[in-house]
file coords_36.cif (mmCIF, C-alpha atoms)
data_coords
loop_
_atom_site.label_atom_id
_atom_site.label_comp_id
_atom_site.auth_asym_id
_atom_site.auth_seq_id
_atom_site.Cartn_x
_atom_site.Cartn_y
_atom_site.Cartn_z
CA MET A 2 -14.61 17.82 -33.37
CA ASP A 3 -14.70 14.45 -31.56
CA LYS A 4 -13.67 15.03 -27.97
CA GLN A 5 -11.50 11.91 -27.93
CA THR A 6 -9.33 13.18 -30.75
CA VAL A 7 -8.66 16.73 -29.55
CA THR A 8 -4.89 17.03 -29.19
CA ILE A 9 -2.46 19.74 -28.16
CA TYR A 10 -1.83 20.17 -31.90
CA ASP A 11 -5.51 21.09 -32.52
CA VAL A 12 -5.44 23.64 -29.71
CA ALA A 13 -2.22 25.22 -31.04
CA ARG A 14 -3.60 25.43 -34.59
CA GLU A 15 -6.93 26.94 -33.52
CA ALA A 16 -5.28 29.47 -31.18
CA GLU A 17 -2.57 30.23 -33.78
CA VAL A 18 0.29 29.62 -31.31
CA SER A 19 3.01 27.00 -31.00
CA MET A 20 2.45 23.68 -29.17
CA ALA A 21 5.12 24.81 -26.69
CA THR A 22 2.95 27.82 -25.80
CA VAL A 23 -0.10 25.59 -25.23
CA SER A 24 2.04 23.33 -23.08
CA ARG A 25 3.24 26.30 -21.02
CA VAL A 26 -0.36 27.46 -20.45
CA VAL A 27 -1.54 23.96 -19.48
CA ASN A 28 1.36 23.49 -17.06
CA GLY A 29 0.82 26.85 -15.40
CA ASN A 30 4.12 28.33 -16.63
CA THR A 31 4.07 32.12 -16.10
CA ASN A 32 6.21 32.82 -19.15
CA VAL A 33 3.18 33.57 -21.42
CA LYS A 34 1.61 36.94 -22.25
CA PRO A 35 -1.79 37.37 -20.51
CA ALA A 36 -3.56 37.98 -23.84
CA THR A 37 -2.03 34.84 -25.36
CA ARG A 38 -2.90 32.82 -22.25
CA LYS A 39 -6.52 33.96 -22.45
CA LYS A 40 -6.72 33.06 -26.15
CA VAL A 41 -5.32 29.56 -25.50
CA LEU A 42 -7.62 28.98 -22.50
CA ASP A 43 -10.65 30.04 -24.57
CA VAL A 44 -9.74 27.51 -27.27
CA ILE A 45 -9.16 24.79 -24.66
CA ASP A 46 -12.60 25.57 -23.29
CA LYS A 47 -14.24 25.60 -26.71
CA LEU A 48 -12.67 22.31 -27.84
CA ASP A 49 -12.95 20.71 -24.37
CA TYR A 50 -9.29 19.75 -24.58
CA ARG A 51 -8.06 17.54 -21.74
CA PRO A 52 -4.29 17.04 -21.47
CA ASN A 53 -3.35 13.39 -21.67
CA ALA A 54 -2.15 12.52 -18.18
CA VAL A 55 -0.71 9.22 -19.40
CA ALA A 56 1.41 10.88 -22.08
CA ARG A 57 2.45 13.51 -19.58
CA GLY A 58 3.44 10.79 -17.14
CA LEU A 59 5.56 9.09 -19.79
CA ALA A 60 7.42 12.32 -20.43
CA SER A 61 8.05 13.17 -16.77
CA LYS A 62 8.23 9.57 -15.43
CA LYS A 63 5.60 10.77 -12.90
CA THR A 64 1.89 10.09 -13.17
CA THR A 65 0.87 12.11 -10.07
CA THR A 66 -1.44 9.27 -9.12
CA VAL A 67 -1.46 7.30 -5.89
CA GLY A 68 -2.96 3.85 -5.52
CA VAL A 69 -5.00 3.11 -2.39
CA ILE A 70 -5.78 -0.49 -1.44
CA VAL A 71 -8.77 -0.96 0.87
CA PRO A 72 -10.04 -4.35 2.12
CA ASP A 73 -13.69 -3.28 2.21
CA VAL A 74 -14.79 -0.01 0.72
CA THR A 75 -18.23 -0.27 2.40
CA ASN A 76 -16.79 -0.38 5.94
CA MET A 77 -16.99 3.06 7.59
CA TYR A 78 -13.58 2.58 9.19
CA PHE A 79 -11.84 2.44 5.80
CA SER A 80 -13.98 5.15 4.20
CA SER A 81 -13.04 7.53 7.05
CA LEU A 82 -9.34 6.83 6.47
CA ALA A 83 -9.82 7.31 2.72
CA ARG A 84 -11.26 10.81 3.31
CA GLY A 85 -8.05 11.88 5.07
CA ILE A 86 -5.93 10.41 2.29
CA ASP A 87 -7.97 12.09 -0.42
CA ASP A 88 -7.87 15.58 1.12
CA ILE A 89 -4.08 15.59 1.51
CA ALA A 90 -3.62 14.05 -1.94
CA ALA A 91 -5.68 16.88 -3.46
CA MET A 92 -3.61 19.43 -1.56
CA TYR A 93 -0.43 18.02 -3.11
CA LYS A 94 -2.10 17.67 -6.53
CA TYR A 95 -2.18 13.87 -6.62
CA ASN A 96 -5.08 11.87 -8.01
CA ILE A 97 -6.22 8.71 -6.30
CA ILE A 98 -7.04 5.29 -7.70
CA LEU A 99 -9.05 3.49 -5.02
CA THR A 100 -9.12 -0.30 -5.20
CA ASN A 101 -11.06 -2.85 -3.16
CA SER A 102 -9.29 -6.10 -2.23
CA ASP A 103 -12.29 -7.86 -0.59
CA SER A 104 -10.01 -8.88 2.33
CA ASP A 105 -8.69 -11.58 0.03
CA ASP A 106 -4.93 -12.31 0.17
CA GLU A 107 -4.73 -13.40 -3.49
CA LYS A 108 -6.71 -10.39 -4.68
CA GLU A 109 -4.49 -8.02 -2.66
CA VAL A 110 -1.41 -9.13 -4.60
CA GLN A 111 -3.33 -8.87 -7.88
CA VAL A 112 -4.62 -5.37 -7.06
CA LEU A 113 -1.13 -4.24 -6.02
CA ASN A 114 0.31 -5.41 -9.34
CA THR A 115 -2.49 -3.75 -11.30
CA LEU A 116 -1.72 -0.43 -9.58
CA LEU A 117 2.02 -0.82 -10.19
CA SER A 118 1.36 -1.52 -13.86
CA LYS A 119 -0.59 1.76 -14.01
CA GLN A 120 2.73 3.40 -12.99
CA VAL A 121 1.35 4.98 -9.81
CA ASP A 122 3.91 7.12 -7.96
CA GLY A 123 3.08 5.63 -4.56
CA ILE A 124 0.72 3.27 -2.74
CA ILE A 125 -1.19 3.45 0.52
CA PHE A 126 -2.08 0.00 1.80
CA MET A 127 -4.95 -0.44 4.25
CA GLY A 128 -5.24 -4.22 4.08
CA ASN A 129 -5.83 -6.38 7.13
CA GLU A 130 -2.64 -8.35 6.88
CA ILE A 131 0.81 -8.21 5.30
CA THR A 132 1.20 -11.78 4.04
CA ASP A 133 4.66 -13.13 3.14
CA GLN A 134 3.71 -13.02 -0.54
CA LEU A 135 2.67 -9.37 -0.24
CA ARG A 136 5.84 -8.55 1.65
CA GLU A 137 7.87 -10.01 -1.23
CA GLU A 138 5.95 -7.83 -3.71
CA PHE A 139 6.52 -4.76 -1.50
CA LYS A 140 10.26 -5.47 -1.42
CA ARG A 141 10.48 -5.99 -5.16
CA THR A 142 8.96 -2.69 -6.21
CA LYS A 143 10.78 0.64 -6.18
CA THR A 144 7.44 2.40 -5.65
CA PRO A 145 7.08 3.82 -2.10
CA ILE A 146 4.40 2.14 0.02
CA VAL A 147 2.91 3.40 3.30
CA LEU A 148 0.61 1.37 5.54
CA ALA A 149 -2.40 3.14 7.08
CA GLY A 150 -4.33 1.51 9.91
CA SER A 151 -2.50 -1.66 8.98
CA VAL A 152 0.30 -3.27 10.97
CA ASP A 153 3.38 -5.12 9.85
CA ASP A 154 5.11 -6.82 12.76
CA GLN A 155 8.34 -6.74 10.72
CA ASN A 156 8.16 -2.95 10.28
CA ILE A 157 9.59 -2.97 6.77
CA ASN A 158 7.29 -0.28 5.37
CA PRO A 159 6.47 3.07 6.99
CA SER A 160 3.12 2.92 8.79
CA VAL A 161 0.59 5.09 10.61
CA ASN A 162 -1.52 3.52 13.39
CA ILE A 163 -2.53 3.79 17.02
CA ASN A 164 -1.09 1.51 19.71
CA TYR A 165 -3.67 -1.29 19.38
CA ALA A 166 -2.31 -3.40 22.25
CA ALA A 167 -2.38 -0.49 24.71
CA ALA A 168 -5.86 0.58 23.58
CA VAL A 169 -7.39 -2.88 24.06
CA GLN A 170 -5.61 -3.26 27.40
CA GLU A 171 -7.18 -0.01 28.55
CA GLU A 172 -10.72 -0.90 27.43
CA VAL A 173 -10.55 -4.35 29.04
CA LYS A 174 -9.22 -2.87 32.29
CA ASN A 175 -12.14 -0.46 32.15
CA LEU A 176 -14.61 -3.36 32.02
CA ILE A 177 -12.81 -5.35 34.73
CA ASP A 178 -12.78 -2.30 37.01
CA ARG A 179 -16.59 -2.24 36.79
CA GLY A 180 -16.78 -5.81 38.08
CA ASN A 181 -16.75 -7.81 34.84
CA LYS A 182 -14.71 -10.95 35.55
CA ARG A 183 -15.58 -12.60 32.24
CA VAL A 184 -14.87 -10.25 29.35
CA ALA A 185 -15.20 -11.73 25.86
CA PHE A 186 -12.74 -10.72 23.13
CA VAL A 187 -14.59 -10.74 19.80
CA CYS A 188 -12.19 -10.14 16.94
CA GLY A 189 -11.54 -10.56 13.24
CA PRO A 190 -9.23 -13.41 12.12
CA LEU A 191 -6.42 -14.04 14.63
CA LYS A 192 -4.03 -14.81 11.77
CA TYR A 193 -4.00 -11.05 11.17
CA ALA A 194 -1.16 -9.60 13.28
CA ILE A 195 -3.33 -6.64 14.31
CA ASN A 196 -5.65 -9.09 16.13
CA GLY A 197 -3.46 -12.06 17.05
CA LYS A 198 -0.27 -10.22 18.02
CA TYR A 199 -1.36 -6.77 19.14
CA ARG A 200 -4.99 -6.62 20.33
CA LEU A 201 -4.95 -10.08 21.91
CA LYS A 202 -1.74 -9.16 23.72
CA GLY A 203 -3.48 -6.12 25.23
CA TYR A 204 -6.45 -8.26 26.26
CA LYS A 205 -4.23 -10.85 27.98
CA GLN A 206 -2.18 -8.14 29.72
CA ALA A 207 -5.30 -6.55 31.24
CA LEU A 208 -6.41 -9.94 32.61
CA LYS A 209 -2.93 -10.61 33.98
CA ASP A 210 -2.80 -7.21 35.70
CA ALA A 211 -6.16 -7.95 37.35
CA GLY A 212 -5.11 -11.48 38.36
CA ILE A 213 -7.81 -13.08 36.19
CA PRO A 214 -6.81 -16.35 34.44
CA PHE A 215 -6.99 -16.33 30.62
CA ASP A 216 -9.85 -18.48 29.30
CA GLU A 217 -9.78 -19.61 25.67
CA LYS A 218 -13.60 -19.95 25.75
CA LEU A 219 -13.92 -16.16 25.89
CA ILE A 220 -12.10 -15.64 22.58
CA PHE A 221 -14.48 -15.40 19.63
CA GLU A 222 -12.78 -15.28 16.25
CA THR A 223 -15.08 -13.91 13.52
CA ASP A 224 -15.07 -12.34 10.06
CA SER A 225 -15.93 -8.88 11.53
CA LYS A 226 -19.31 -8.76 9.76
CA TYR A 227 -22.45 -7.28 11.32
CA LYS A 228 -24.45 -10.46 10.60
CA THR A 229 -21.89 -12.61 12.42
CA GLY A 230 -22.17 -10.36 15.48
CA THR A 231 -25.96 -10.81 15.61
CA LEU A 232 -25.55 -14.59 15.89
CA LEU A 233 -23.09 -14.61 18.80
CA GLN A 234 -25.52 -14.15 21.71
CA PRO A 235 -26.07 -17.86 22.57
CA ALA A 236 -22.32 -18.58 22.56
CA LEU A 237 -21.44 -15.44 24.55
CA SER A 238 -24.11 -16.18 27.15
CA SER A 239 -23.16 -19.85 27.52
CA ALA A 240 -19.51 -18.82 28.00
CA GLY A 241 -20.71 -16.72 30.93
CA ALA A 242 -19.48 -13.44 29.43
CA THR A 243 -20.89 -10.28 31.01
CA ALA A 244 -19.13 -7.91 28.60
CA ALA A 245 -17.43 -7.91 25.20
CA VAL A 246 -14.69 -5.99 23.50
CA ALA A 247 -15.20 -6.03 19.71
CA THR A 248 -12.53 -5.15 17.14
CA ASP A 249 -14.95 -3.67 14.58
CA ASP A 250 -17.92 -1.29 14.94
CA GLU A 251 -20.26 -3.25 12.63
CA LEU A 252 -19.42 -6.42 14.54
CA ALA A 253 -20.10 -4.63 17.85
CA ALA A 254 -23.46 -3.34 16.58
CA GLY A 255 -24.34 -6.91 15.61
CA ILE A 256 -23.43 -8.23 19.09
CA MET A 257 -25.50 -5.51 20.73
CA ASN A 258 -28.57 -6.08 18.55
CA GLY A 259 -28.27 -9.85 18.99
CA MET A 260 -28.27 -9.40 22.76
CA THR A 261 -31.23 -7.00 22.65
CA ASP A 262 -33.22 -9.38 20.41
CA ALA A 263 -32.60 -12.19 22.91
CA GLY A 264 -33.91 -10.02 25.74
CA VAL A 265 -30.48 -9.35 27.27
CA LEU A 266 -30.34 -5.70 28.26
CA VAL A 267 -27.32 -3.64 27.18
CA PRO A 268 -25.59 -2.28 29.29
CA LYS A 269 -27.53 -3.52 32.36
CA ASN A 270 -26.83 -7.23 31.80
CA PHE A 271 -24.13 -7.04 29.14
CA GLU A 272 -21.61 -4.32 28.31
CA VAL A 273 -20.15 -3.70 24.86
CA ILE A 274 -17.09 -1.64 23.86
CA THR A 275 -15.97 -1.32 20.26
CA SER A 276 -12.71 -0.24 18.61
CA ASN A 277 -12.96 2.17 15.69
CA ASP A 278 -15.31 4.98 16.76
CA THR A 279 -16.81 5.41 13.29
CA LYS A 280 -20.10 7.31 12.82
CA LEU A 281 -21.90 4.03 13.46
CA THR A 282 -21.24 4.28 17.22
CA GLU A 283 -23.54 7.32 17.41
CA MET A 284 -26.19 5.89 15.08
CA VAL A 285 -27.10 2.78 17.07
CA ARG A 286 -29.11 2.62 20.31
CA PRO A 287 -27.72 2.48 22.87
CA LYS A 288 -24.81 4.51 21.49
CA MET A 289 -21.60 2.51 21.69
CA SER A 290 -18.60 3.17 23.91
CA SER A 291 -15.42 2.90 21.89
CA ILE A 292 -11.69 3.32 21.62
CA THR A 293 -11.32 6.60 19.73
CA GLN A 294 -8.80 6.87 16.98
CA PRO A 295 -8.14 9.85 14.73
CA LEU A 296 -9.30 8.01 11.59
CA TYR A 297 -9.14 11.01 9.28
CA ASP A 298 -5.67 11.88 10.62
CA ILE A 299 -4.35 8.34 10.14
CA GLY A 300 -5.23 8.67 6.44
CA ALA A 301 -3.95 12.25 6.19
CA VAL A 302 -0.62 11.56 7.94
CA ALA A 303 -0.06 8.43 5.82
CA MET A 304 -0.60 10.44 2.63
CA ARG A 305 1.74 13.20 3.80
CA LEU A 306 4.37 10.58 4.64
CA LEU A 307 3.94 9.13 1.16
CA THR A 308 4.42 12.56 -0.51
CA LYS A 309 7.75 12.84 1.32
CA LEU A 310 8.86 9.41 0.12
CA MET A 311 7.74 10.10 -3.45
CA ASN A 312 9.80 13.29 -3.50
CA ASP A 313 12.83 11.73 -1.79
CA GLU A 314 12.46 14.02 1.23
CA PRO A 315 13.96 12.77 4.51
CA VAL A 316 11.55 10.89 6.79
CA ASN A 317 12.42 11.06 10.49
CA GLU A 318 9.83 8.64 11.78
CA LYS A 319 8.89 5.48 9.92
CA GLU A 320 6.46 4.11 12.47
CA VAL A 321 3.97 6.80 13.42
CA LEU A 322 1.66 6.11 16.39
CA LEU A 323 -1.14 8.65 16.81
CA PRO A 324 -2.96 9.17 20.12
CA TYR A 325 -6.12 7.22 20.99
CA GLY A 326 -8.69 7.65 23.75
CA LEU A 327 -11.73 5.94 25.27
CA MET A 328 -15.16 7.42 24.58
CA LYS A 329 -17.76 6.49 27.16
CA ARG A 330 -21.28 6.17 25.71
CA GLU A 331 -24.39 4.18 26.67
CA SER A 332 -23.35 0.59 25.84
CA THR A 333 -21.27 0.43 29.04
CA LYS A 334 -22.36 1.12 32.61
#

call {"tool": "encode", "arguments": {"input": "coords_36.cif", "output": "structure tokens"}}
result
Amino acid sequence: MDKQTVTIYDVAREAEVSMATVSRVVNGNTNVKPATRKKVLDVIDKLDYRPNAVARGLASKKTTTVGVIVPDVTNMYFSSLARGIDDIAAMYKYNIILTNSDSDDEKEVQVLNTLLSKQVDGIIFMGNEITDQLREEFKRTKTPIVLAGSVDDQNINPSVNINYAAAVQEEVKNLIDRGNKRVAFVCGPLKYAINGKYRLKGYKQALKDAGIPFDEKLIFETDSKYKTGTLLQPALSSAGATAAVATDDELAAGIMNGMTDAGVLVPKNFEVITSNDTKLTEMVRPKMSSITQPLYDIGAVAMRLLTKLMNDEPVNEKEVLLPYGLMKRESTK
């Protein structure tokens, strides 16, 4: 029998039971005699019957799928968050549809609408920025949406993050305390609130606390790519920077390798601290100092929060901030 055409009707006929009985077996209902259950399961196995999740979803108005929107599926930061999401989703019996938005504002809206048209029960958004257009789409849909590692300065949707401003402030203070008067801030696009409103605020606050005037020349706005980091050495050196705080681990690795290739010794002549503490920090030489964030937990907590919203359970805290730390490795003195 062609696998595509095996229906609940075929299973019922072959097992000589009613379709209701097959349905009860498939849905784990205990109201079936053990012998009958075994007979039905054997037929399901023999015919390789797979219940139609779409049809099931139509009947129950629930598809038990969750859409996850990631800006860059190859970046270790997002893949670590996705692991946490996936484990909790599996625990609560949800399937995941993972989509990649290429950090493109237009594509994010398109991907969101594609997921909504697939009738997902909820969405976890890990994009870099909540644009006004996206915010409108979020407001329009009845589907619950949780942000993970993604900030919305208007706090409309529940979110799970660390305190980015405080974390950057702490890492910059750390560098200043070791005698670095000119600390560069190398970040992704400043139009993203996470960089322009939160991280930059922390950077400026650390300078202010140390009585160091803010210098625009020490701000390097990039696309967060490794390659971009490797090309920054001439500009960093001519700006007189003796250290850099980078907002992405791949970017930080690029800065470090660019410095090394130019004969600038890290950390002796130039210190580097990064922000995401992905596996990459341990893979490069020297190993990179970093803000630590519980990446897996950010994903896991966001998914748990979403399960509550999907089941109309009360949510006490909409804005969850998880603890961060500073991990000292060899890229700083």

call {"tool": "residues_around", "arguments": {"input": "coords_36.cif", "residues": "stretch 177-181 of chain A", "least_positions_apart": "2", "cutoff": "8 Å", "atoms": "only C-alpha atoms", "output": "ChimeraX atom specification"}}
result
/A:173-175,183-184,211,243-244,334

call {"tool": "atom_distance", "arguments": {"input": "coords_36.cif", "atom1": "atom CA of A:Glu320", "atom2": "atom CA of A:Ile146"}}
result
12.8 Å

call {"tool": "residues_around", "arguments": {"input": "coords_36.cif", "residues": "A:Lys140", "least_positions_apart": "5", "cutoff": "10 Å", "atoms": "all atoms listed in the file", "output": "PyMOL selection string"}}
result
chain A and resi 135+145-146+157-158

call {"tool": "resolve_selection", "arguments": {"input": "coords_36.cif", "expression": "the PyMOL selection byres ((chain A and resi 48) around 12)", "output": "list of chain:residue names"}}
result
A:Met2, A:Asp3, A:Lys4, A:Gln5, A:Thr6, A:Val7, A:Thr8, A:Ile9, A:Tyr10, A:Asp11, A:Val12, A:Ala13, A:Arg14, A:Glu15, A:Ala16, A:Val41, A:Leu42, A:Asp43, A:Val44, A:Ile45, A:Asp46, A:Lys47, A:Asp49, A:Tyr50, A:Arg51, A:Pro52

call {"tool": "resolve_selection", "arguments": {"input": "coords_36.cif", "expression": "the PyMOL selection byres ((chain A and resi 301) around 9)", "output": "PyMOL selection string"}}
result
chain A and resi 82-90+296-300+302-306

call {"tool": "resolve_selection", "arguments": {"input": "coords_36.cif", "expression": "the PyMOL selection byres ((chain A and resi 110) around 10)", "output": "JSON, numbers by chain"}}
result
{"A": [102, 105, 106, 107, 108, 109, 111, 112, 113, 114, 115, 132, 134, 135, 136, 137, 138, 139]}

call {"tool": "closest_residue", "arguments": {"input": "coords_36.cif", "among": "A:Ser276, A:Thr64, A:Thr333, A:Ser81", "to": "A:Ala166", "atoms": "only C-alpha atoms"}}
result
A:Ser276

call {"tool": "atom_distance", "arguments": {"input": "coords_36.cif", "atom1": "atom CA of A:Gly203", "atom2": "atom CA of A:Asp249"}}
result
15.8 Å

call {"tool": "atom_distance", "arguments": {"input": "coords_36.cif", "atom1": "atom CA of A:Tyr227", "atom2": "atom CA of A:Gly68"}}
result
28.1 Å

call {"tool": "closest_residue", "arguments": {"input": "coords_36.cif", "among": "A:Val26, A:Val121, A:Leu176, A:Leu307", "to": "A:Ala242", "atoms": "only C-alpha atoms"}}
result
A:Leu176

call {"tool": "closest_residue", "arguments": {"input": "coords_36.cif", "among": "A:Met289, A:Val71, A:Val18, A:Met127", "to": "A:Arg38", "atoms": "all atoms listed in the file"}}
result
A:Val18

call {"tool": "closest_residue", "arguments": {"input": "coords_36.cif", "among": "A:Ile124, A:Met260, A:Ala194, A:Leu237", "to": "A:Val152", "atoms": "all atoms listed in the file"}}
result
A:Ala194

call {"tool": "residues_around", "arguments": {"input": "coords_36.cif", "residues": "A:Val169", "least_positions_apart": "2", "cutoff": "8 Å", "atoms": "all atoms listed in the file", "output": "ChimeraX atom specification"}}
result
/A:165-167,171-173,200-201,203-204,246,292

call {"tool": "build_atoms", "arguments": {"input": "coords_36.cif", "residues": "stretch 82-96 of chain A", "atoms": "N, CA, C and O atoms", "output": "PDB file, in the frame of the given file"}}
result
ATOM      1  N   LEU A  82     -10.774   6.689   6.753  1.00  0.00           N
ATOM      2  CA  LEU A  82      -9.340   6.830   6.470  1.00  0.00           C
ATOM      3  C   LEU A  82      -9.153   7.391   5.057  1.00  0.00           C
ATOM      4  O   LEU A  82      -8.310   8.260   4.833  1.00  0.00           O
ATOM      5  N   ALA A  83      -9.953   6.891   4.123  1.00  0.00           N
ATOM      6  CA  ALA A  83      -9.820   7.310   2.720  1.00  0.00           C
ATOM      7  C   ALA A  83     -10.078   8.812   2.560  1.00  0.00           C
ATOM      8  O   ALA A  83      -9.444   9.473   1.739  1.00  0.00           O
ATOM      9  N   ARG A  84     -10.993   9.373   3.365  1.00  0.00           N
ATOM     10  CA  ARG A  84     -11.260  10.810   3.310  1.00  0.00           C
ATOM     11  C   ARG A  84      -9.991  11.601   3.628  1.00  0.00           C
ATOM     12  O   ARG A  84      -9.660  12.582   2.958  1.00  0.00           O
ATOM     13  N   GLY A  85      -9.290  11.194   4.666  1.00  0.00           N
ATOM     14  CA  GLY A  85      -8.050  11.880   5.070  1.00  0.00           C
ATOM     15  C   GLY A  85      -6.992  11.784   3.990  1.00  0.00           C
ATOM     16  O   GLY A  85      -6.282  12.754   3.698  1.00  0.00           O
ATOM     17  N   ILE A  86      -6.907  10.615   3.361  1.00  0.00           N
ATOM     18  CA  ILE A  86      -5.930  10.410   2.290  1.00  0.00           C
ATOM     19  C   ILE A  86      -6.254  11.335   1.116  1.00  0.00           C
ATOM     20  O   ILE A  86      -5.405  12.041   0.587  1.00  0.00           O
ATOM     21  N   ASP A  87      -7.536  11.338   0.750  1.00  0.00           N
ATOM     22  CA  ASP A  87      -7.970  12.090  -0.420  1.00  0.00           C
ATOM     23  C   ASP A  87      -7.735  13.591  -0.273  1.00  0.00           C
ATOM     24  O   ASP A  87      -7.269  14.255  -1.198  1.00  0.00           O
ATOM     25  N   ASP A  88      -8.043  14.136   0.905  1.00  0.00           N
ATOM     26  CA  ASP A  88      -7.870  15.580   1.120  1.00  0.00           C
ATOM     27  C   ASP A  88      -6.407  16.005   0.993  1.00  0.00           C
ATOM     28  O   ASP A  88      -6.096  17.026   0.385  1.00  0.00           O
ATOM     29  N   ILE A  89      -5.506  15.234   1.584  1.00  0.00           N
ATOM     30  CA  ILE A  89      -4.080  15.590   1.510  1.00  0.00           C
ATOM     31  C   ILE A  89      -3.554  15.368   0.091  1.00  0.00           C
ATOM     32  O   ILE A  89      -2.754  16.159  -0.421  1.00  0.00           O
ATOM     33  N   ALA A  90      -4.037  14.311  -0.553  1.00  0.00           N
ATOM     34  CA  ALA A  90      -3.620  14.050  -1.940  1.00  0.00           C
ATOM     35  C   ALA A  90      -3.998  15.235  -2.825  1.00  0.00           C
ATOM     36  O   ALA A  90      -3.199  15.710  -3.635  1.00  0.00           O
ATOM     37  N   ALA A  91      -5.211  15.744  -2.647  1.00  0.00           N
ATOM     38  CA  ALA A  91      -5.680  16.880  -3.460  1.00  0.00           C
ATOM     39  C   ALA A  91      -4.813  18.109  -3.197  1.00  0.00           C
ATOM     40  O   ALA A  91      -4.472  18.852  -4.121  1.00  0.00           O
ATOM     41  N   MET A  92      -4.432  18.287  -1.925  1.00  0.00           N
ATOM     42  CA  MET A  92      -3.610  19.430  -1.560  1.00  0.00           C
ATOM     43  C   MET A  92      -2.259  19.392  -2.284  1.00  0.00           C
ATOM     44  O   MET A  92      -1.726  20.408  -2.695  1.00  0.00           O
ATOM     45  N   TYR A  93      -1.718  18.178  -2.428  1.00  0.00           N
ATOM     46  CA  TYR A  93      -0.430  18.020  -3.110  1.00  0.00           C
ATOM     47  C   TYR A  93      -0.586  17.673  -4.588  1.00  0.00           C
ATOM     48  O   TYR A  93       0.354  17.212  -5.230  1.00  0.00           O
ATOM     49  N   LYS A  94      -1.812  17.857  -5.099  1.00  0.00           N
ATOM     50  CA  LYS A  94      -2.100  17.670  -6.530  1.00  0.00           C
ATOM     51  C   LYS A  94      -1.874  16.229  -7.019  1.00  0.00           C
ATOM     52  O   LYS A  94      -1.375  16.011  -8.121  1.00  0.00           O
ATOM     53  N   TYR A  95      -2.224  15.270  -6.184  1.00  0.00           N
ATOM     54  CA  TYR A  95      -2.180  13.870  -6.620  1.00  0.00           C
ATOM     55  C   TYR A  95      -3.599  13.367  -6.820  1.00  0.00           C
ATOM     56  O   TYR A  95      -4.507  13.742  -6.082  1.00  0.00           O
ATOM     57  N   ASN A  96      -3.789  12.526  -7.816  1.00  0.00           N
ATOM     58  CA  ASN A  96      -5.080  11.870  -8.010  1.00  0.00           C
ATOM     59  C   ASN A  96      -5.019  10.507  -7.344  1.00  0.00           C
ATOM     60  O   ASN A  96      -3.947   9.935  -7.207  1.00  0.00           O
TER      61      ASN A  96
END
